[in-house]
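One structure is given here, and the rest of the page talks about it.
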Amino acid sequence: MFKKVLIANRGEIALRINRACHELGVATVAIFSDADRASLHVRHADEAFCVGPGPVMRSYLNIPNIISAALISGCDAIHPGYGFLAENARFAEIAADHGLTFIGPKPAVINAMGDKATAKRLMREAGVPTTPGSDIVANVDEARTVCAKIGYPVLLKATAGGGGKGMRSVTAPEELPTAFATAQAEAEASFKDGRMYVEKLITNPRHVEVQVLADEHGEVVHLGERDCSVQKPSHQKLIEEAPAPALDPAVRDRLHDVATTATRAVGYTNAGTLEFLVAGDDVYFMEMNTRIQVEHPVTELIYGVDLVKEQIRIAAGEHLGFTQDDLHPHGHSIEVRVNAEDPNNNFAPAAGTLTTVVFPGGPGIRVDTHVYGGAVVPPFYDSMLAKIIAVGRTRESAILRMERALSETRIEGVKTTVDFCSEVLGEPEFRAGGIGVGWLPAFLSRRAAAV
Amino acid sequence: MFKKVLIANRGEIALRINRACHELGVATVAIFSDADRASLHVRHADEAFCVGPGPVMRSYLNIPNIISAALISGCDAIHPGYGFLAENARFAEIAADHGLTFIGPKPAVINAMGDKATAKRLMREAGVPTTPGSDIVANVDEARTVCAKIGYPVLLKATAGGGGKGMRSVTAPEELPTAFATAQAEAEASFKDGRMYVEKLITNPRHVEVQVLADEHGEVVHLGERDCSVQKPSHQKLIEEAPAPALDPAVRDRLHDVATTATRAVGYTNAGTLEFLVAGDDVYFMEMNTRIQVEHPVTELIYGVDLVKEQIRIAAGEHLGFTQDDLHPHGHSIEVRVNAEDPNNNFAPAAGTLTTVVFPGGPGIRVDTHVYGGAVVPPFYDSMLAKIIAVGRTRESAILRMERALSETRIEGVKTTVDFCSEVLGEPEFRAGGIGVGWLPAFLSRRAAAV
Amino acid sequence: MTEDVIAARTRALAGALAEAGFARLRVRDGETEIELRRAPRAPAAAAGAPAAVPEAVVEKPPQRPADLVASEVVGIVRLLRPAVAEGQDLDGDRELAYVETLGIRNAVHSRGGGRISAVFVHEGQPVEYGQPLFAIER
Amino acid sequence: MTEDVIAARTRALAGALAEAGFARLRVRDGETEIELRRAPRAPAAAAGAPAAVPEAVVEKPPQRPADLVASEVVGIVRLLRPAVAEGQDLDGDRELAYVETLGIRNAVHSRGGGRISAVFVHEGQPVEYGQPLFAIER
């Protein structure tokens with residue numbers, strides 16, 4: 001096992017990793033920007049290094065300063081969390097060059113899965129169903145040819161994409177030139193990589209993803225699926241749950257089988273997530289995230305497995321302590337993202353000082369957060385303040401528990417998604433289970449029209 | 001199911017009950033004293049009534065005002081929590097007289113178990129092993145006769161006792177008169193009932209208690225045992241865990257069998273706890289608590305059962321939704337009481353304003369608390385600020401998790417037991433498991449001598 | 001401080017005034033100051049109020065400070081006939097109402113004469129401990 | 001504010017001073033006030049500092065305000081020979097040290113002349129971003 005791990009992240013996930021390390025008896029080194037000096041992730045680590053000013057390019061993406069901090073403090077591993085450098089194969093290589101274990105899959109696998117078009121090809125070769133579509137299209141003319149072949153509507157996607165950036169839906173040929181240009185420009189701005197590909201647009205599919213763990217000795221297990229279909233118009237997830245409600249058992253089994261098969265086929269190690277679109281009985285591979293996900297706690301709560309500890313153990317070369325037969329989910333879990341944003345104004349992010357912070361507690365409630373009363377939300381980073389996760393014996397009991405937890409939550413100083421999520425939980429269609437990714441945008445439109 | 005429940009308590013247990021009610025879709029009415037106006041238990045309830053000024057006799061023990069609040073607000077049941085009126089049979093009767101369901105056992109059972117001497121006699125008759133001792137002794141002379149018969153050391157106990165009050169150990173005959181007089185005076189002051197009885201003093205036993213649930217249709221189950229041997233010199237519990245570590249499986253089975261047998265024998269209904277002294281292979285019934293216990297969460301976390309919801313369901317006449325065969329504990333759970341008291345000064349309670357409050361979170365951590373940053377701790381009530389509960393796959397993982405949780409906890413403004421409990425968790429003897437109730441007082445003495 | 005907290009605290013202070021016989025209560029907490037006065041006599045500052053620096057006065061004392069008569073119990077208000085009205089003068093002590101708790105009548109007296117400046121409750125209203133019933137100018 | 005928080009914030013302010021070229025930074029937060037000055041020229045108040053009322057001044061500006069030279073990177077300090085000492089006068093800009101980060105030398109200049117009033121680091125010391133290395137009286 002490692003002696004000391006540098007946590008190359010901030011916010012709740014940095015704390016989450018700090019917790020896993022400390023419970024494993026591993027010392028931790030936090031990094032922070034000037035803007036995060038008073039964050040809990042700094043306070044709870046054994047050591048902490050300021051690596052730059054607020055803007056991410058100079059701090060949380062500052063590879064030399066981060067690697068230097070790890071070396072100076074005598075770390076033997078780096079955990080990247082999610083976002084920032086988590087899927088940066090170059091960072092993983094640099095870490096390895098300096099004798100630091102990168103807690104994640106091998107750089108080649110990060111690269112292959114990070115390139116969405118390559119990932120789809122590899123998955124097709126492994127027998128995983130993918131949406132009809134193209135490899136990289138060089139320009140709008142190539143895109144037009146592909147679109148004509150697979151039929152509209154289509155989705156233009158950046159091969160380096162993520163978080164809904166560099167993505168546009170196109171319902172008719174005449175929309176294509178503008179959509180292509182704006183999506184490509186966005187991809188270039190966001191990822192410095194304007195390569196695009198085309199996919200058949202599946203109308204209102206569900207977003208269902210499968211959690212896998214693979215050790216470095218060939219053992220691969222899945223930990224069931226999560227339903228992340230409640231997404232903002234920006235395609236960002238807002239509410240996630242496990243298991244996926246109202247899912248045909250045969251479809252569920254197929255997802256699990258496909259996920260473990262694909263994980264083995266690409267030589268994947270550590271924790272990963274395969275995202276699928278589900279439309280009726282059809283299942284299409286979307287992408288593989290080569291990192292821990294924001295929504296990993298819903299899986300942890302029903303499987304009783306600490307995924308971050310497992311990541312660390314796997315990276316340290318340990319064998320998985322269990323096989324697929326040992327894994328049995330109990331109950332139902334749901335997560336709500338508490339973001340500093342205004343649901344009544346297109347989820348515009350807010351920064352400021354949190355004058356009041358009261359989180360819920362009691363049975364079946366887990367809170368992952370880095371904020372506290374008096375904390376300052378800097379303008380530089382993503383707007384997530386906390387994750388509230390509820391577990392119950394049934395989906396209904398988990399939702400009831402989440403509703404009471406949200407009613408206990410009191411955050412003042414910035415607008416948050418708390419009340420809006422309560423509203424969503426109360427909607428009969430959500431309650432029934434099985435909504436698609438188009439549901440929340442449609443709900444928002446209805447809601448805006450009703451005002 | 002009930003429509004509306006009055007919660008006749010304050011602090012974390014009032015919140016705990018509020019949570020259970022809300023998750024069952026039951027409306028709640030809080031009561032509060034002038035000193036608790038800003039408490040979370042008031043804020044989270046659907047309605048709230050001030051029932052008197054700070055001192056408990058005029059507020060939380062003010063039966064007319066409490067019953068009146070229940071009637072005015074249209075409640076159909078009262079949950080008493082623990083402490084205050086929870087084991088007051090007269091209160092249960094008055095509630096019933098006004099058409100309010102008391103969420104707990106029947107008044108006759110409360111009375112029988114509340115009288116410690118009667119309880120022991122009933123248990124003996126049911127075949128439950130009890131410590132050698134007496135029925136009520138009228139005076140010190142009768143006590144002397146009994147003591148001579150069962151042999152010193154003995155324990156003088158108030159039949160109305162609880163929380164260590166009205167209790168004295170006597171190692172030799174010459175100590176008896178003073179001990180009897182002071183214990184009786186204490187019992188009279190605390191319980192307005194100076195009746196005493198004598199028990200053989202078991203040297204450094206373990207305190208192991210068994211949780212039972214019994215519905216009103218004859219179904220009785222146990223939910224395993226809790227070890228509460230980490231007790232302050234005042235006999236108040238500080239750290240509890242489930243299951244009891246290093247306990248002989250045969251002793252464990254016997255405790256469970258005896259507990260369910262006794263529960264049936266006394267016609268018990270609702271949730272209850274049978275407290276036992278365990279010394280080697282010997283098991284002695286101590287008392288039965290006819291209410292929810294402070295430490296109930298450690299049982300909840302390993303059994304996945306919401307005990308307070310079950311209390312409410314049982315009182316509403318529902319059948320238990322499970323049998324003994326459905327109940328299987330998973331993992332290990334441990335609870336630390338965060339009290340506003342000074343471990344370096346005989347646990348002297350402290351009142352004041354909590355300037356900083358940061359509780360731990362993340363996987364496997366539950367926090368039950370009514371306080372928050374800026375909250376005022378009034379001088380009138382018990383000193384418990386919060387319960388931190390950790391669950392893990394093994395005892396060691398639960399303890400490691402608790403250690404990291406305590407390291408994350410930051411409470412400023414009053415002295416607390418947080419750091420002291422961390423110290424206890426680190427002690428090799430605690431770590432080994434199986435310490436007796438004499439361990440913590442001895443540890444405190446060693447610790448004081450070392451300074 | 002939000003409006004509901006101010007309201008709750010004001011009510012608490014009113015209760016404390018009525019109960020403890022303070023002449024004036026002022027609580028300063030961060031940016032908020034709440035002040036209640038009962039009579040211009042002995043100006044005692046409230047004990048236990050947290051010291052902080054005021055920046056805004058949320059609640060000013062009324063022009064003519066009044067004595068608050070509050071409920072000592074939880075129950076239902078029964079106004080005695082003829083019910084007193086705002087503006088009415090009382091020559092001396094008078095029983096104004098009772099609060100019924102589990103069938104018991106808890107009498108509410110004016111505790112001396114004065115002018116009824118406010119009647120906060122109506123017949124049959126449920127009240128809690130410390131809830132103001134009447135304000136009387138002395 | 002506890003001592004460690006004050007220390008951390010003071011360090012942050014020192015970093016901000018060195019980086020942004022503020023002449024003076026003052027942060028008031030509840031009962032605590034931290035003030036740092038660099039030069040007696042344009043007395044600009046820090047933007048973004050929370051407004052609150054001070055009750056105690058924890059850190060007073062030194063008698064002769066100094067310019068802080070802080071590290072721009074995370075690395076190991078290497079003092080250039082001959083190493084400057086406290087009290088030493090510098091005629092003009094001089095390279096005082098470098099901070100080594102993954103084998104790269106990041107030069108640290110005095111950014112003009114003055115008197116070295118403090119050397120905060122020793123040879124081989126690990127430093128973080130924004131950590132003060134030298135104080136120079138101008």
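Every chain in the structure tokens has a letter given in the order shown (A, B, ...), and although residue numbers restart at 1 in each chain, ligands are simply numbered from 1 in the order shown.
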Every residue of stretch 343-404 of chain B that DSSP places in alpha helix (DSSP H), as a list in words: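 Taking stretch 343-404 of chain B and keeping alpha helix (DSSP H) only, one gets Arg395, Glu396, Ser397, Ala398, Ile399, Leu400, Arg401, Met402, Glu403 and Arg404 of chain B.
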Residue contacts of stretch 91-103 of chain C (9 Å, only C-alpha atoms) excluding same-chain residues fewer than 3 positions away, as a ChimeraX atom specification: /B:64-65,67-69,71,98 /C:71-81,83-84,106-115,126-127,134
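Residues surrounding A:Thr290 within 8 Å are Ala86, Glu87, Gly104, Pro105, Ile110, Met113, Gly114, Ala271, Gly272 and Thr273 of chain A [only C-alpha atoms; sequence separation below 6 positions excluded].
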Those same residues - all heavy atoms - I'd like them written as a compact mmCIF listing (two decimals), in the first residue's frame.
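Output saved as again-v1.txt:
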```txt
# COMPACT_ATOMS: atom_id res chain seq x y z
N ALA A 86 -8.03 14.28 -14.46
CA ALA A 86 -8.39 12.88 -14.22
C ALA A 86 -8.29 12.03 -15.49
O ALA A 86 -7.97 10.85 -15.41
CB ALA A 86 -9.79 12.78 -13.63
N GLU A 87 -8.58 12.62 -16.65
CA GLU A 87 -8.54 11.82 -17.87
C GLU A 87 -7.47 12.34 -18.82
O GLU A 87 -7.61 12.24 -20.03
CB GLU A 87 -9.95 11.77 -18.48
CG GLU A 87 -10.88 10.95 -17.59
CD GLU A 87 -12.33 10.95 -18.01
OE1 GLU A 87 -12.97 12.02 -17.91
OE2 GLU A 87 -12.82 9.90 -18.43
N GLY A 104 -5.51 5.19 -11.42
CA GLY A 104 -6.44 5.14 -12.54
C GLY A 104 -5.92 4.13 -13.53
O GLY A 104 -4.92 3.44 -13.25
N PRO A 105 -6.56 4.05 -14.70
CA PRO A 105 -6.08 3.08 -15.69
C PRO A 105 -4.77 3.53 -16.33
O PRO A 105 -4.27 4.63 -16.06
CB PRO A 105 -7.22 3.04 -16.71
CG PRO A 105 -7.97 4.30 -16.52
CD PRO A 105 -7.76 4.76 -15.11
N ILE A 110 -6.53 5.36 -21.11
CA ILE A 110 -7.13 6.69 -20.95
C ILE A 110 -7.23 7.37 -22.31
O ILE A 110 -8.28 7.92 -22.68
CB ILE A 110 -6.28 7.58 -20.00
CG1 ILE A 110 -6.20 6.95 -18.60
CG2 ILE A 110 -6.86 8.99 -19.93
CD1 ILE A 110 -5.31 7.73 -17.63
N MET A 113 -9.91 5.66 -24.63
CA MET A 113 -11.29 5.93 -24.22
C MET A 113 -11.59 7.43 -24.27
O MET A 113 -12.73 7.83 -24.44
CB MET A 113 -11.55 5.39 -22.80
CG MET A 113 -11.49 3.88 -22.68
SD MET A 113 -12.73 3.01 -23.70
CE MET A 113 -11.69 2.20 -24.89
N GLY A 114 -10.55 8.25 -24.12
CA GLY A 114 -10.74 9.70 -24.15
C GLY A 114 -11.08 10.19 -25.55
O GLY A 114 -11.79 11.18 -25.72
N ALA A 271 -11.13 1.67 -11.49
CA ALA A 271 -12.58 1.90 -11.56
C ALA A 271 -12.91 2.62 -12.85
O ALA A 271 -12.18 3.51 -13.29
CB ALA A 271 -13.04 2.72 -10.36
N GLY A 272 -14.01 2.23 -13.45
CA GLY A 272 -14.45 2.90 -14.68
C GLY A 272 -15.94 2.81 -14.83
O GLY A 272 -16.60 2.05 -14.11
N THR A 273 -16.48 3.63 -15.72
CA THR A 273 -17.91 3.64 -15.96
C THR A 273 -18.19 3.60 -17.45
O THR A 273 -17.61 4.39 -18.21
CB THR A 273 -18.55 4.91 -15.37
OG1 THR A 273 -18.31 4.92 -13.96
CG2 THR A 273 -20.04 4.93 -15.61
```
DSSP-assigned strand (DSSP E) among stretch 42-146 of chain A, expressed as a list in words: Glu47, Ala48, Phe49, Cys50, Val51, Gly52, Ala77, Ile78, His79, Thr101, Phe102, Gly133, Ser134, Asp135, Ile136 and Val137 of chain A
Prev. selection, all heavy atoms, output as an mmCIF file, in the first residue's frame:
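As a result, result-v9.cif now contains:
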```
data_model
loop_
_atom_site.group_PDB
_atom_site.id
_atom_site.type_symbol
_atom_site.label_atom_id
_atom_site.label_comp_id
_atom_site.auth_asym_id
_atom_site.auth_seq_id
_atom_site.Cartn_x
_atom_site.Cartn_y
_atom_site.Cartn_z
ATOM 1 N N GLU A 47 -0.995 17.276 4.769
ATOM 2 C CA GLU A 47 -0.172 18.388 4.304
ATOM 3 C C GLU A 47 -0.923 19.061 3.162
ATOM 4 O O GLU A 47 -1.809 18.452 2.563
ATOM 5 C CB GLU A 47 1.178 17.898 3.756
ATOM 6 C CG GLU A 47 2.085 17.251 4.771
ATOM 7 C CD GLU A 47 3.261 16.563 4.079
ATOM 8 O OE1 GLU A 47 4.051 17.265 3.402
ATOM 9 O OE2 GLU A 47 3.378 15.341 4.194
ATOM 10 N N ALA A 48 -0.546 20.294 2.849
ATOM 11 C CA ALA A 48 -1.225 20.977 1.750
ATOM 12 C C ALA A 48 -0.269 21.959 1.092
ATOM 13 O O ALA A 48 0.522 22.618 1.769
ATOM 14 C CB ALA A 48 -2.461 21.705 2.263
ATOM 15 N N PHE A 49 -0.348 22.022 -0.234
ATOM 16 C CA PHE A 49 0.487 22.943 -1.005
ATOM 17 C C PHE A 49 -0.390 23.842 -1.860
ATOM 18 O O PHE A 49 -1.236 23.359 -2.608
ATOM 19 C CB PHE A 49 1.420 22.172 -1.944
ATOM 20 C CG PHE A 49 2.605 21.562 -1.250
ATOM 21 C CD1 PHE A 49 2.469 20.359 -0.571
ATOM 22 C CD2 PHE A 49 3.835 22.198 -1.264
ATOM 23 C CE1 PHE A 49 3.560 19.797 0.083
ATOM 24 C CE2 PHE A 49 4.927 21.638 -0.616
ATOM 25 C CZ PHE A 49 4.789 20.436 0.061
ATOM 26 N N CYS A 50 -0.131 25.134 -1.773
ATOM 27 C CA CYS A 50 -0.755 26.053 -2.711
ATOM 28 C C CYS A 50 -0.019 25.892 -4.038
ATOM 29 O O CYS A 50 1.202 25.974 -4.085
ATOM 30 C CB CYS A 50 -0.648 27.487 -2.197
ATOM 31 S SG CYS A 50 -1.493 28.661 -3.286
ATOM 32 N N VAL A 51 -0.777 25.617 -5.116
ATOM 33 C CA VAL A 51 -0.120 25.382 -6.409
ATOM 34 C C VAL A 51 -0.385 26.486 -7.423
ATOM 35 O O VAL A 51 0.052 26.380 -8.567
ATOM 36 C CB VAL A 51 -0.530 24.016 -7.013
ATOM 37 C CG1 VAL A 51 -0.001 22.866 -6.151
ATOM 38 C CG2 VAL A 51 -2.043 23.916 -7.182
ATOM 39 N N GLY A 52 -1.092 27.539 -7.019
ATOM 40 C CA GLY A 52 -1.300 28.631 -7.966
ATOM 41 C C GLY A 52 -2.490 29.483 -7.583
ATOM 42 O O GLY A 52 -3.170 29.231 -6.597
ATOM 43 N N ALA A 77 2.054 8.230 -4.807
ATOM 44 C CA ALA A 77 0.934 8.071 -5.738
ATOM 45 C C ALA A 77 0.161 9.378 -5.838
ATOM 46 O O ALA A 77 0.257 10.232 -4.957
ATOM 47 C CB ALA A 77 0.011 6.946 -5.281
ATOM 48 N N ILE A 78 -0.605 9.494 -6.926
ATOM 49 C CA ILE A 78 -1.467 10.662 -7.139
ATOM 50 C C ILE A 78 -2.862 10.169 -7.463
ATOM 51 O O ILE A 78 -3.035 9.316 -8.344
ATOM 52 C CB ILE A 78 -0.961 11.545 -8.308
ATOM 53 C CG1 ILE A 78 0.422 12.117 -7.966
ATOM 54 C CG2 ILE A 78 -1.958 12.657 -8.627
ATOM 55 C CD1 ILE A 78 0.911 13.148 -8.972
ATOM 56 N N HIS A 79 -3.861 10.699 -6.768
ATOM 57 C CA HIS A 79 -5.253 10.416 -7.126
ATOM 58 C C HIS A 79 -5.817 11.658 -7.803
ATOM 59 O O HIS A 79 -5.825 12.730 -7.212
ATOM 60 C CB HIS A 79 -6.079 10.058 -5.891
ATOM 61 C CG HIS A 79 -7.376 9.406 -6.248
ATOM 62 N ND1 HIS A 79 -8.275 9.958 -7.110
ATOM 63 C CD2 HIS A 79 -7.912 8.206 -5.884
ATOM 64 C CE1 HIS A 79 -9.320 9.158 -7.257
ATOM 65 N NE2 HIS A 79 -9.114 8.069 -6.525
ATOM 66 N N THR A 101 2.741 6.667 -8.780
ATOM 67 C CA THR A 101 1.664 5.847 -9.329
ATOM 68 C C THR A 101 0.434 6.709 -9.558
ATOM 69 O O THR A 101 -0.027 7.401 -8.644
ATOM 70 C CB THR A 101 1.300 4.706 -8.352
ATOM 71 O OG1 THR A 101 2.472 3.921 -8.117
ATOM 72 C CG2 THR A 101 0.210 3.821 -8.933
ATOM 73 N N PHE A 102 -0.068 6.674 -10.773
ATOM 74 C CA PHE A 102 -1.305 7.388 -11.099
ATOM 75 C C PHE A 102 -2.459 6.456 -10.753
ATOM 76 O O PHE A 102 -2.533 5.327 -11.261
ATOM 77 C CB PHE A 102 -1.307 7.728 -12.594
ATOM 78 C CG PHE A 102 -2.559 8.417 -13.061
ATOM 79 C CD1 PHE A 102 -2.701 9.791 -12.946
ATOM 80 C CD2 PHE A 102 -3.595 7.677 -13.631
ATOM 81 C CE1 PHE A 102 -3.861 10.426 -13.393
ATOM 82 C CE2 PHE A 102 -4.762 8.313 -14.077
ATOM 83 C CZ PHE A 102 -4.885 9.685 -13.949
ATOM 84 N N GLY A 133 -23.133 5.535 -36.700
ATOM 85 C CA GLY A 133 -22.470 6.826 -36.825
ATOM 86 C C GLY A 133 -21.149 6.681 -37.529
ATOM 87 O O GLY A 133 -20.864 5.661 -38.160
ATOM 88 N N SER A 134 -20.322 7.690 -37.428
ATOM 89 C CA SER A 134 -19.095 7.791 -38.222
ATOM 90 C C SER A 134 -17.871 7.744 -37.328
ATOM 91 O O SER A 134 -17.953 7.909 -36.117
ATOM 92 C CB SER A 134 -19.088 9.128 -38.946
ATOM 93 O OG SER A 134 -18.922 10.171 -37.993
ATOM 94 N N ASP A 135 -16.719 7.544 -37.972
ATOM 95 C CA ASP A 135 -15.459 7.916 -37.362
ATOM 96 C C ASP A 135 -15.351 9.433 -37.512
ATOM 97 O O ASP A 135 -16.331 10.091 -37.863
ATOM 98 C CB ASP A 135 -14.307 7.200 -38.068
ATOM 99 C CG ASP A 135 -13.940 5.908 -37.328
ATOM 100 O OD1 ASP A 135 -14.387 5.741 -36.179
ATOM 101 O OD2 ASP A 135 -13.212 5.083 -37.907
ATOM 102 N N ILE A 136 -14.159 9.954 -37.310
ATOM 103 C CA ILE A 136 -13.996 11.412 -37.395
ATOM 104 C C ILE A 136 -14.343 11.915 -38.801
ATOM 105 O O ILE A 136 -13.951 11.312 -39.806
ATOM 106 C CB ILE A 136 -12.545 11.787 -37.026
ATOM 107 C CG1 ILE A 136 -12.355 11.526 -35.515
ATOM 108 C CG2 ILE A 136 -12.237 13.247 -37.366
ATOM 109 C CD1 ILE A 136 -10.926 11.320 -35.114
ATOM 110 N N VAL A 137 -15.123 12.991 -38.851
ATOM 111 C CA VAL A 137 -15.429 13.618 -40.149
ATOM 112 C C VAL A 137 -14.557 14.869 -40.279
ATOM 113 O O VAL A 137 -14.494 15.675 -39.353
ATOM 114 C CB VAL A 137 -16.930 13.976 -40.264
ATOM 115 C CG1 VAL A 137 -17.767 12.712 -40.395
ATOM 116 C CG2 VAL A 137 -17.404 14.807 -39.083
#
```
Please build the interface table for chain A against chain B with a cut-off of 6 Å, listing for each qualifying residue the nearest atom pair and the distance in Å to one decimal; count only C-alpha atoms, order rows by chain and increasing number, and write it as a tab-separated table.
```
residue	atom	partner	partner_atom	distance
A:Glu23	CA	B:Leu400	CA	5.2
A:Gly361	CA	B:Val367	CA	5.4
A:Gly362	CA	B:Asp368	CA	5.0
A:Val367	CA	B:Gly361	CA	5.4
A:Asp368	CA	B:Gly362	CA	5.0
A:Leu400	CA	B:Glu23	CA	5.2
A:Arg401	CA	B:Glu23	CA	5.5
```
Close residues, D:Ala135 itself excluded, 7 Å, only C-alpha atoms, min 6 positions apart in chain, as an MDAnalysis selection string: chainID D and resid 66:69 116:119
Residue contacts of A:Val414 (7 Å, only C-alpha atoms) excluding same-chain residues fewer than 4 positions away, as a list in words: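 My reading of the contact set: Ala340, Ala350, Ala351, Gly352 and Leu354 of chain A.
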Those residues you just picked out, can you put them in a file as a JSON list (two decimals), in the first residue's frame with N, CA and C atoms?
```
[["chain", "number", "residue", "atom", "x", "y", "z"],
["A", 340, "ALA", "N", -24.52, 25.56, -6.69],
["A", 340, "ALA", "CA", -24.74, 26.99, -6.51],
["A", 340, "ALA", "C", -25.14, 27.56, -7.86],
["A", 350, "ALA", "N", -23.57, 30.66, -9.50],
["A", 350, "ALA", "CA", -23.47, 31.79, -8.58],
["A", 350, "ALA", "C", -22.23, 31.62, -7.73],
["A", 351, "ALA", "N", -21.56, 32.70, -7.41],
["A", 351, "ALA", "CA", -20.46, 32.67, -6.46],
["A", 351, "ALA", "C", -20.83, 33.60, -5.31],
["A", 352, "GLY", "N", -20.17, 33.44, -4.19],
["A", 352, "GLY", "CA", -20.47, 34.29, -3.04],
["A", 352, "GLY", "C", -20.15, 33.59, -1.75],
["A", 354, "LEU", "N", -21.39, 31.69, 1.66],
["A", 354, "LEU", "CA", -22.51, 30.90, 2.19],
["A", 354, "LEU", "C", -22.77, 31.35, 3.62]]
```
Contact set, chain A to chain C: 12 Å, only C-alpha atoms, as a PyMOL selection string: chain A and resi 355-356+412-413
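By only C-alpha atoms, and with residues fewer than 5 positions from stretch 227-235 of chain A along its chain excluded, the set lying at most 8 Å from it is Gly163, Gly164, Arg206, His207, Val208, Glu209, Glu240, Glu241, Ala242, Pro243, Ala244, Pro245, Ile435, Gly436, Val437, Gly438, Trp439, Leu440 and Pro441 of chain A.
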